[in-house]
$ cat upload_0.cif   # mmCIF, C-alpha atoms
data_coords
#
loop_
_atom_site.label_atom_id
_atom_site.label_comp_id
_atom_site.auth_asym_id
_atom_site.auth_seq_id
_atom_site.Cartn_x
_atom_site.Cartn_y
_atom_site.Cartn_z
CA MET A 42 51.78 -20.68 -4.88
CA THR A 43 51.87 -20.02 -8.62
CA LEU A 44 48.74 -19.93 -10.74
CA LYS A 45 50.02 -22.85 -12.77
CA LEU A 46 50.43 -25.02 -9.67
CA THR A 47 46.97 -24.01 -8.44
CA ILE A 48 45.38 -25.07 -11.72
CA GLU A 49 47.31 -28.35 -11.74
CA LEU A 50 46.16 -29.08 -8.23
CA ILE A 51 42.52 -28.37 -9.03
CA ILE A 52 42.53 -30.49 -12.21
CA CYS A 53 44.18 -33.44 -10.44
CA ASN A 54 41.66 -33.21 -7.63
CA ILE A 55 38.66 -33.12 -9.93
CA LEU A 56 39.99 -36.14 -11.85
CA PHE A 57 40.51 -37.97 -8.58
CA MET A 58 36.98 -37.18 -7.41
CA VAL A 59 35.49 -38.42 -10.68
CA PHE A 60 37.51 -41.62 -10.25
CA VAL A 61 36.21 -42.12 -6.70
CA TYR A 62 32.66 -41.36 -7.85
CA THR A 63 32.74 -43.97 -10.65
CA THR A 64 34.12 -46.57 -8.27
CA VAL A 65 31.27 -45.90 -5.84
CA ARG A 66 28.72 -46.04 -8.65
CA LYS A 67 30.01 -49.39 -9.83
CA LYS A 68 29.57 -50.50 -6.20
CA LYS A 69 33.25 -51.43 -5.95
CA ILE A 70 33.64 -49.41 -2.77
CA LEU A 71 31.02 -48.45 -0.22
CA LEU A 72 30.06 -44.80 -0.03
CA LYS A 73 31.00 -44.88 3.65
CA TYR A 74 34.66 -45.48 2.80
CA ALA A 75 34.64 -43.01 -0.08
CA LEU A 76 33.55 -40.12 2.13
CA PRO A 77 37.00 -39.31 3.63
CA TRP A 78 38.48 -39.20 0.12
CA PHE A 79 35.74 -36.86 -1.07
CA ALA A 80 36.28 -34.68 1.99
CA ALA A 81 40.06 -34.52 1.45
CA SER A 82 39.70 -33.60 -2.23
CA THR A 83 37.07 -30.96 -1.53
CA LEU A 84 39.29 -29.37 1.12
CA LEU A 85 42.26 -29.35 -1.26
CA ILE A 86 40.18 -27.61 -3.93
CA VAL A 87 39.03 -25.03 -1.38
CA PHE A 88 42.65 -24.46 -0.36
CA SER A 89 43.69 -23.96 -3.97
CA LEU A 90 40.94 -21.41 -4.49
CA THR A 91 41.85 -19.30 -1.44
CA PRO A 92 45.57 -18.53 -1.89
CA ASN A 93 45.55 -15.36 0.25
CA LEU A 94 44.01 -17.04 3.23
CA MET A 95 46.41 -19.96 2.81
CA LYS A 96 49.36 -17.60 2.73
CA LYS A 97 48.27 -16.00 6.00
CA ILE A 98 47.86 -19.38 7.66
CA ALA A 99 51.26 -20.51 6.33
CA ASN A 100 52.89 -17.38 7.74
CA PHE A 101 51.12 -17.86 11.04
CA VAL A 102 52.32 -21.45 11.53
CA ASP A 103 55.81 -20.64 10.17
CA ILE A 104 55.72 -22.78 7.06
CA GLU A 105 57.78 -21.21 4.30
CA THR A 106 55.54 -21.77 1.31
CA VAL A 107 51.86 -22.53 0.77
CA SER A 108 52.74 -25.57 -1.33
CA ASN A 109 54.68 -26.97 1.61
CA MET A 110 51.70 -26.49 3.85
CA ILE A 111 49.40 -28.24 1.39
CA PHE A 112 51.92 -31.06 1.17
CA LEU A 113 51.81 -31.38 4.95
CA PHE A 114 48.03 -31.39 4.85
CA VAL A 115 48.00 -34.25 2.33
CA VAL A 116 50.39 -36.27 4.50
CA GLY A 117 48.20 -35.60 7.54
CA MET A 118 45.02 -36.59 5.71
CA ASN A 119 46.68 -39.82 4.54
CA LEU A 120 47.71 -40.64 8.10
CA ILE A 121 44.15 -40.17 9.34
CA ILE A 122 42.60 -42.26 6.57
CA THR A 123 45.19 -45.04 6.93
CA PHE A 124 44.66 -45.14 10.66
CA SER A 125 40.90 -45.32 10.31
CA LEU A 126 41.38 -48.19 7.86
CA THR A 127 43.49 -50.00 10.47
CA ALA A 128 40.60 -49.58 12.89
CA THR A 129 38.17 -50.93 10.27
CA VAL A 130 40.38 -53.94 9.57
CA SER A 131 40.63 -54.72 13.28
CA ASN A 132 36.89 -54.43 13.66
CA GLN A 133 36.36 -56.80 10.74
CA ASN A 134 38.90 -59.20 12.23
CA THR A 135 36.83 -59.42 15.40
CA LYS A 136 33.62 -59.87 13.43
CA ILE A 137 35.07 -62.65 11.28
CA ALA A 138 36.30 -64.44 14.40
CA THR A 139 32.78 -64.20 15.86
CA LEU A 140 31.32 -65.65 12.66
CA VAL A 141 33.81 -68.52 12.51
CA LYS A 142 33.09 -69.46 16.12
CA GLU A 143 29.35 -69.27 15.55
CA ILE A 144 29.54 -71.48 12.43
CA GLY A 145 31.73 -73.99 14.26
CA ILE A 146 29.22 -74.27 17.09
CA LEU A 147 26.30 -74.54 14.64
CA LYS A 148 28.08 -77.28 12.66
CA GLU A 149 28.65 -79.27 15.83
CA LYS A 150 24.97 -78.89 16.72
CA VAL A 151 23.79 -79.97 13.26
CA ASN A 152 26.08 -83.03 13.32
CA ARG A 153 24.86 -84.01 16.78
CA ASP A 154 21.22 -83.63 15.70
CA LYS A 155 21.90 -85.89 12.72
CA LYS A 156 23.33 -88.65 14.92
CA ASP A 157 20.43 -88.56 17.37
CA MET B 1373 -2.00 -64.06 1.30
CA LYS B 1374 1.04 -64.26 3.58
CA VAL B 1375 2.42 -61.12 5.19
CA LEU B 1376 5.67 -60.92 7.17
CA MET B 1377 6.41 -58.20 9.70
CA ILE B 1378 10.15 -57.59 9.84
CA ILE B 1379 11.16 -56.17 13.22
CA PRO B 1380 14.81 -55.09 13.54
CA ALA B 1381 15.93 -54.84 17.18
CA TYR B 1382 19.20 -53.51 18.53
CA ASN B 1383 19.42 -53.24 22.33
CA GLU B 1384 15.64 -53.17 22.72
CA GLU B 1385 15.22 -55.38 25.81
CA LYS B 1386 12.78 -52.89 27.35
CA ASN B 1387 10.54 -52.36 24.30
CA ILE B 1388 10.55 -55.52 22.24
CA VAL B 1389 8.08 -57.60 24.28
CA ASN B 1390 5.47 -54.85 24.22
CA THR B 1391 5.98 -54.27 20.52
CA VAL B 1392 5.48 -57.95 19.69
CA ASN B 1393 2.51 -58.35 22.06
CA ASN B 1394 0.75 -55.41 20.40
CA LEU B 1395 1.46 -56.95 16.99
CA ARG B 1396 0.07 -60.33 18.01
CA GLN B 1397 -3.32 -58.74 18.63
CA VAL B 1398 -3.66 -57.58 15.03
CA LYS B 1399 -6.06 -59.75 13.04
CA ILE B 1400 -6.90 -59.05 9.40
CA ASP B 1401 -9.36 -61.08 7.30
CA ASP B 1402 -7.89 -63.38 4.62
CA ILE B 1403 -4.37 -62.45 5.69
CA ILE B 1404 -1.84 -64.62 7.50
CA LEU B 1405 0.20 -62.15 9.51
CA ASP B 1406 3.57 -63.49 10.74
CA TYR B 1407 6.44 -61.66 12.32
CA ILE B 1408 10.17 -62.16 12.69
CA VAL B 1409 12.42 -60.20 15.05
CA ILE B 1410 15.97 -59.69 13.82
CA ASN B 1411 18.26 -59.32 16.82
CA ASP B 1412 21.13 -57.31 15.36
CA GLY B 1413 23.89 -58.44 17.70
CA SER B 1414 22.44 -56.62 20.72
CA GLN B 1415 24.73 -56.25 23.71
CA ASP B 1416 21.98 -56.00 26.30
CA GLY B 1417 19.52 -58.72 27.30
CA THR B 1418 17.46 -58.57 24.10
CA ARG B 1419 18.33 -62.16 23.23
CA ASP B 1420 17.32 -63.57 26.62
CA VAL B 1421 14.09 -61.57 26.56
CA LEU B 1422 13.27 -62.97 23.10
CA GLU B 1423 13.98 -66.56 24.22
CA LYS B 1424 12.08 -66.25 27.49
CA ASN B 1425 8.96 -64.80 25.86
CA ASN B 1426 8.96 -67.30 23.01
CA ILE B 1427 9.29 -64.65 20.35
CA LYS B 1428 10.25 -65.87 16.88
CA HIS B 1429 13.62 -64.36 16.07
CA ILE B 1430 16.86 -64.54 14.13
CA ASP B 1431 20.05 -63.88 16.11
CA LEU B 1432 22.76 -62.18 14.10
CA PRO B 1433 26.16 -63.11 15.58
CA CYS B 1434 27.51 -59.57 15.19
CA ASN B 1435 26.06 -56.12 14.65
CA LEU B 1436 25.37 -55.42 10.98
CA GLY B 1437 23.54 -52.11 11.25
CA ILE B 1438 19.85 -51.47 10.63
CA GLY B 1439 20.13 -52.05 6.86
CA GLY B 1440 21.77 -55.43 7.23
CA ALA B 1441 19.26 -56.49 9.88
CA VAL B 1442 16.28 -55.50 7.75
CA GLN B 1443 17.81 -57.16 4.68
CA THR B 1444 18.06 -60.40 6.67
CA GLY B 1445 14.30 -60.06 7.14
CA TYR B 1446 13.71 -59.59 3.41
CA GLU B 1447 15.83 -62.65 2.69
CA TYR B 1448 13.78 -64.63 5.20
CA ALA B 1449 10.60 -63.37 3.50
CA LEU B 1450 11.86 -64.52 0.11
CA TYR B 1451 12.92 -67.97 1.36
CA ASN B 1452 9.56 -68.50 3.01
CA ASN B 1453 7.55 -67.21 0.09
CA TYR B 1454 5.80 -64.24 1.66
CA ASP B 1455 3.69 -62.00 -0.59
CA ILE B 1456 4.16 -58.81 1.39
CA ALA B 1457 6.88 -57.71 3.82
CA ILE B 1458 6.37 -54.88 6.29
CA GLN B 1459 9.15 -53.19 8.19
CA PHE B 1460 8.22 -52.35 11.75
CA ASP B 1461 10.48 -50.80 14.38
CA GLY B 1462 11.15 -52.75 17.56
CA ASP B 1463 11.10 -49.66 19.77
CA GLY B 1464 7.34 -49.08 19.92
CA GLN B 1465 7.30 -45.99 17.67
CA HIS B 1466 4.99 -47.55 15.13
CA ASN B 1467 1.31 -48.18 15.72
CA PRO B 1468 0.07 -51.62 14.61
CA LYS B 1469 -3.39 -50.30 13.72
CA TYR B 1470 -1.99 -48.93 10.45
CA ILE B 1471 -0.71 -52.30 9.24
CA LYS B 1472 -4.08 -52.86 7.58
CA ASP B 1473 -3.77 -49.57 5.65
CA LEU B 1474 -0.28 -50.45 4.45
CA ILE B 1475 -1.46 -53.86 3.21
CA GLU B 1476 -4.45 -52.26 1.48
CA GLY B 1477 -2.06 -49.88 -0.28
CA ILE B 1478 -0.14 -52.85 -1.69
CA LEU B 1479 -3.35 -54.66 -2.67
CA LEU B 1480 -4.39 -51.54 -4.61
CA GLY B 1481 -1.46 -52.22 -6.93
CA ASN B 1482 1.34 -50.18 -5.40
CA ASP B 1483 4.78 -51.74 -5.12
CA PHE B 1484 5.83 -49.85 -2.01
CA VAL B 1485 3.77 -48.14 0.71
CA ILE B 1486 5.25 -45.78 3.30
CA GLY B 1487 3.63 -44.76 6.57
CA SER B 1488 4.17 -41.00 6.70
CA ARG B 1489 3.96 -38.74 9.75
CA PHE B 1490 3.60 -35.62 7.64
CA ILE B 1491 0.97 -36.39 5.03
CA ASN B 1492 -2.36 -34.77 6.07
CA ASN B 1493 -0.67 -33.87 9.39
CA ALA B 1494 -1.48 -37.32 10.62
CA SER B 1495 0.85 -37.65 13.57
CA THR B 1496 0.78 -35.83 16.86
CA PHE B 1497 4.41 -36.73 17.47
CA LYS B 1498 6.52 -35.25 14.71
CA SER B 1499 10.04 -35.62 15.99
CA THR B 1500 12.17 -32.67 17.12
CA ALA B 1501 12.31 -29.38 15.19
CA ILE B 1502 15.90 -29.88 14.08
CA ARG B 1503 15.13 -33.34 12.79
CA ARG B 1504 12.14 -32.00 10.86
CA VAL B 1505 14.47 -29.56 9.10
CA GLY B 1506 16.62 -32.53 8.10
CA ILE B 1507 13.62 -34.52 6.90
CA ASN B 1508 12.31 -31.55 4.87
CA PHE B 1509 15.72 -31.12 3.29
CA LEU B 1510 15.89 -34.79 2.27
CA SER B 1511 12.34 -34.57 0.97
CA LEU B 1512 13.29 -31.56 -1.16
CA LEU B 1513 16.43 -33.31 -2.44
CA ILE B 1514 14.39 -36.34 -3.47
CA LYS B 1515 11.89 -34.03 -5.20
CA ILE B 1516 14.73 -32.43 -7.18
CA CYS B 1517 16.36 -35.76 -8.06
CA THR B 1518 13.27 -37.80 -8.94
CA ASN B 1519 10.56 -35.18 -9.44
CA LYS B 1520 8.36 -37.00 -6.94
CA LYS B 1521 7.13 -35.74 -3.59
CA ILE B 1522 7.81 -37.95 -0.57
CA THR B 1523 6.87 -36.27 2.72
CA ASP B 1524 8.54 -38.74 5.10
CA PRO B 1525 11.60 -40.27 3.44
CA THR B 1526 13.13 -41.47 6.72
CA SER B 1527 10.08 -43.40 7.89
CA GLY B 1528 10.94 -46.98 8.81
CA PHE B 1529 7.27 -48.05 8.66
CA ARG B 1530 6.97 -49.39 5.13
CA ALA B 1531 5.42 -52.27 3.21
CA CYS B 1532 6.48 -53.83 -0.08
CA ASN B 1533 5.35 -56.54 -2.48
CA LYS B 1534 7.20 -59.61 -3.73
CA LYS B 1535 8.94 -57.79 -6.58
CA ILE B 1536 10.55 -55.36 -4.15
CA ILE B 1537 11.41 -58.11 -1.65
CA LYS B 1538 13.45 -59.79 -4.38
CA LEU B 1539 15.10 -56.49 -5.27
CA PHE B 1540 15.99 -55.70 -1.65
CA VAL B 1541 17.58 -59.11 -1.11
CA THR B 1542 20.30 -58.22 -3.60
CA ASN B 1543 20.31 -54.46 -3.23
CA TYR B 1544 20.10 -52.83 0.19
CA PRO B 1545 22.59 -50.49 1.88
CA LEU B 1546 23.93 -51.56 5.29
CA ASP B 1547 23.58 -48.19 7.00
CA TYR B 1548 20.87 -45.48 6.84
CA PRO B 1549 18.94 -47.31 4.11
CA GLU B 1550 15.56 -45.53 4.11
CA PRO B 1551 15.96 -42.48 1.81
CA ASP B 1552 18.45 -44.30 -0.39
CA THR B 1553 16.22 -47.26 -1.23
CA LEU B 1554 13.33 -44.89 -1.84
CA VAL B 1555 15.26 -43.04 -4.56
CA MET B 1556 16.29 -46.36 -6.10
CA LEU B 1557 12.61 -47.39 -6.36
CA LEU B 1558 11.41 -44.03 -7.70
CA LYS B 1559 14.18 -43.92 -10.30
CA ASN B 1560 13.15 -47.34 -11.55
CA ASN B 1561 9.51 -46.30 -11.81
CA TYR B 1562 8.08 -48.50 -9.10
CA LYS B 1563 4.75 -47.32 -7.72
CA VAL B 1564 5.30 -45.71 -4.33
CA LEU B 1565 2.41 -44.56 -2.12
CA GLU B 1566 2.41 -42.64 1.15
CA ILE B 1567 -0.35 -43.08 3.68
CA PRO B 1568 -0.88 -41.07 6.88
CA VAL B 1569 0.12 -42.72 10.16
CA ASP B 1570 0.43 -41.58 13.73
CA MET B 1571 3.73 -42.38 15.45
CA ASN B 1572 4.56 -42.47 19.14
CA GLU B 1573 7.59 -41.12 20.87
CA ARG B 1574 10.11 -43.84 21.73
CA SER B 1575 9.06 -45.37 25.01
CA ASN B 1576 12.51 -46.47 26.17
CA GLY B 1577 16.10 -46.26 25.04
CA LYS B 1578 17.89 -44.04 22.59
CA SER B 1579 17.38 -43.47 18.89
CA SER B 1580 20.06 -44.93 16.65
CA ILE B 1581 20.97 -41.45 15.41
CA THR B 1582 22.72 -39.30 18.00
CA ALA B 1583 23.41 -35.58 17.72
CA LEU B 1584 27.05 -36.07 16.77
CA LYS B 1585 26.25 -38.54 14.05
CA SER B 1586 23.53 -36.43 12.47
CA ILE B 1587 25.84 -34.24 10.39
CA TYR B 1588 27.60 -37.32 9.08
CA TYR B 1589 24.16 -38.84 8.45
CA MET B 1590 22.96 -35.85 6.40
CA ILE B 1591 26.13 -35.70 4.27
CA LYS B 1592 26.17 -39.42 3.62
CA VAL B 1593 22.47 -39.74 2.87
CA SER B 1594 22.45 -36.66 0.60
CA LEU B 1595 25.44 -37.90 -1.37
CA SER B 1596 24.01 -41.36 -1.73
CA ILE B 1597 20.64 -39.93 -2.88
CA ILE B 1598 22.46 -37.92 -5.54
CA ILE B 1599 24.63 -40.84 -6.66
CA THR B 1600 21.68 -43.25 -6.77
CA SER B 1601 19.61 -40.75 -8.74
CA ILE B 1602 22.34 -40.18 -11.35
CA ASP B 1603 22.45 -43.94 -11.92
CA LYS B 1604 20.85 -44.72 -15.19
CA LYS B 1605 17.45 -46.36 -15.06
CA GLY B 1606 17.24 -50.11 -14.92
CA ASP B 1607 20.57 -50.36 -13.14
CA VAL B 1608 19.09 -52.56 -10.49
#
$ encode --input "upload_0.cif" --output "structure tokens"
Amino acid sequence: MTLKLTIELIICNILFMVFVYTTVRKKKILLKYALPWFAASTLLIVFSLTPNLMKKIANFVDIETVSNMIFLFVVGMNLIITFSLTATVSNQNTKIATLVKEIGILKEKVNRDKKD
Amino acid sequence: MKVLMIIPAYNEEKNIVNTVNNLRQVKIDDIILDYIVINDGSQDGTRDVLEKNNIKHIDLPCNLGIGGAVQTGYEYALYNNYDIAIQFDGDGQHNPKYIKDLIEGILLGNDFVIGSRFINNASTFKSTAIRRVGINFLSLLIKICTNKKITDPTSGFRACNKKIIKLFVTNYPLDYPEPDTLVMLLKNNYKVLEIPVDMNERSNGKSSITALKSIYYMIKVSLSIIITSIDKKGDV
């Protein structure tokens, strides 16, 4: 990987992390959901700073260039985060259903109490 | 003066009756001491046990996490005009004889009083060694971020006055809230006091923080302490 590409990668990552940080601070996203993004960015910065190690790993797993390997890593990270979001959405779906049922039952009870 | 004990309970069918019975025996002059158990969507028989033993409680329809459960208690305290709210674990770790000390701390003019296991070496039970390392680390981090020494930042045995109740109703994290809220209070120059308390080992059941989760816990709590402490003052 060229020095220029390394520097580009690092700058983009730092900008991204600052963006995530400000969003958390403004309480627009919960820290819990920001953590995977922080982790991914930190890892990418570490990768950019250790080109020799990256080259060895790339050779070992038969990927032609380091940039290709990093590209693969980003795709993998995105898959993991998207999947975990699917799990979160499903979980929230169940919780909303529970709430709706509970409110329905409570409403019925309140109405019945009023009539009595 | 009206004081509310907020008792969060998640799958505590074995401990909750004892905890509440011990609390009911506490009598303090000139103080009306009420309690409310928040059943945080327990999957075991906690709800039936609460009903059967006539224990005053709020049933949350799904599990919110300890922060959400406790916040429900603060909201209840605000609605019902309590002067002081005290958080008290449902698992029997906290000893009711210190409730008086916590209330006295508030009456002395502090906004927030924490029962600490580590101040003056008060407690015989001090948690496991590895957990103490974690607690010391958080304590150090808080010292760096706020310049104030808190010996037991993870203690869930804490009392607060009306001002803080109002604050907590709008501003309380859903998970792992203890160290986070502490930094928020210190940063905004509220008066925080620690008093020595003795805590017991859990009598039954598991702690909410398992070994696997503890690394995640440390990272998340540390980051949120740092982010909260960078917040400019008066943000809340």
$ resolve_selection --input "upload_0.cif" --expression "the PyMOL selection byres ((chain A) within 7 of (chain B))" --output "list in words"
Arg66, Lys136, Thr139, Leu140 and Glu143 of chain A
$ resolve_selection --input "upload_0.cif" --expression "the PyMOL selection byres ((chain B and resi 1556) around 12)" --output "ChimeraX atom specification"
/B:1484,1514,1517-1518,1536,1539-1540,1543-1545,1549-1555,1557-1564,1596-1608
$ residues_around --input "upload_0.cif" --residues "Met42 in chain A" --least-positions-apart "5" --cutoff "10 Å" --atoms "all atoms listed in the file" --output "PyMOL selection string"
chain A and resi 47+89+92-93+95-96+106-109
$ residues_around --input "upload_0.cif" --residues "Leu1512 in chain B" --least-positions-apart "6" --cutoff "9 Å" --atoms "all atoms listed in the file" --output "list in words"
Lys1521, Ile1522 and Thr1523 of chain B
$ closest_residue --input "upload_0.cif" --among "B:Ile1400, B:Ile1388, B:Ile1478, B:Ile1456" --to "Asp1420 in chain B" --atoms "all atoms listed in the file"
B:Ile1388
$ resolve_selection --input "upload_0.cif" --expression "the PyMOL selection byres ((chain B and resi 1373-1376) around 10)" --output "list of chain:residue names"
B:Met1377, B:Ile1378, B:Ile1379, B:Asp1401, B:Asp1402, B:Ile1403, B:Ile1404, B:Leu1405, B:Asp1406, B:Tyr1407, B:Ile1408, B:Gly1445, B:Tyr1446, B:Tyr1448, B:Ala1449, B:Asn1452, B:Asn1453, B:Tyr1454, B:Asp1455, B:Ile1456, B:Ala1457, B:Ile1458, B:Gln1459, B:Ile1475, B:Ala1531, B:Cys1532, B:Asn1533
$ atom_distance --input "upload_0.cif" --atom1 "CA of Ala75 in chain A" --atom2 "CA of Thr123 in chain A"
12.8 Å
$ decode --input "upload_0.cif" --residues "range 65-80 of chain A" --atoms "N, CA and C atoms" --output "compact mmCIF listing (two decimals), in the first residue's frame"
# COMPACT_ATOMS: atom_id res chain seq x y z
N VAL A 65 -22.89 11.10 18.94
CA VAL A 65 -23.16 10.53 20.26
C VAL A 65 -23.35 11.66 21.27
N ARG A 66 -22.50 12.66 21.19
CA ARG A 66 -22.55 13.77 22.15
C ARG A 66 -23.87 14.52 22.08
N LYS A 67 -24.37 14.67 20.85
CA LYS A 67 -25.66 15.35 20.70
C LYS A 67 -26.81 14.43 21.07
N LYS A 68 -26.48 13.23 21.52
CA LYS A 68 -27.46 12.22 21.92
C LYS A 68 -28.37 11.82 20.76
N LYS A 69 -27.84 11.87 19.53
CA LYS A 69 -28.65 11.42 18.40
C LYS A 69 -28.55 9.92 18.23
N ILE A 70 -27.40 9.33 18.59
CA ILE A 70 -27.36 7.87 18.66
C ILE A 70 -26.82 7.46 20.03
N LEU A 71 -27.24 6.27 20.47
CA LEU A 71 -26.79 5.76 21.75
C LEU A 71 -25.36 5.25 21.62
N LEU A 72 -24.59 5.45 22.67
CA LEU A 72 -23.20 5.00 22.67
C LEU A 72 -23.08 3.51 22.30
N LYS A 73 -24.07 2.74 22.78
CA LYS A 73 -24.09 1.31 22.53
C LYS A 73 -23.98 1.00 21.03
N TYR A 74 -24.73 1.77 20.23
CA TYR A 74 -24.73 1.50 18.79
C TYR A 74 -23.57 2.17 18.08
N ALA A 75 -22.89 3.08 18.76
CA ALA A 75 -21.73 3.73 18.15
C ALA A 75 -20.47 2.87 18.32
N LEU A 76 -20.49 2.00 19.33
CA LEU A 76 -19.29 1.22 19.64
C LEU A 76 -18.74 0.41 18.46
N PRO A 77 -19.58 -0.34 17.70
CA PRO A 77 -19.02 -1.10 16.57
C PRO A 77 -18.35 -0.20 15.55
N TRP A 78 -18.90 0.99 15.34
CA TRP A 78 -18.28 1.93 14.38
C TRP A 78 -16.94 2.40 14.88
N PHE A 79 -16.87 2.73 16.17
CA PHE A 79 -15.59 3.12 16.76
C PHE A 79 -14.57 2.00 16.61
N ALA A 80 -15.02 0.77 16.92
CA ALA A 80 -14.11 -0.37 16.85
C ALA A 80 -13.59 -0.56 15.43
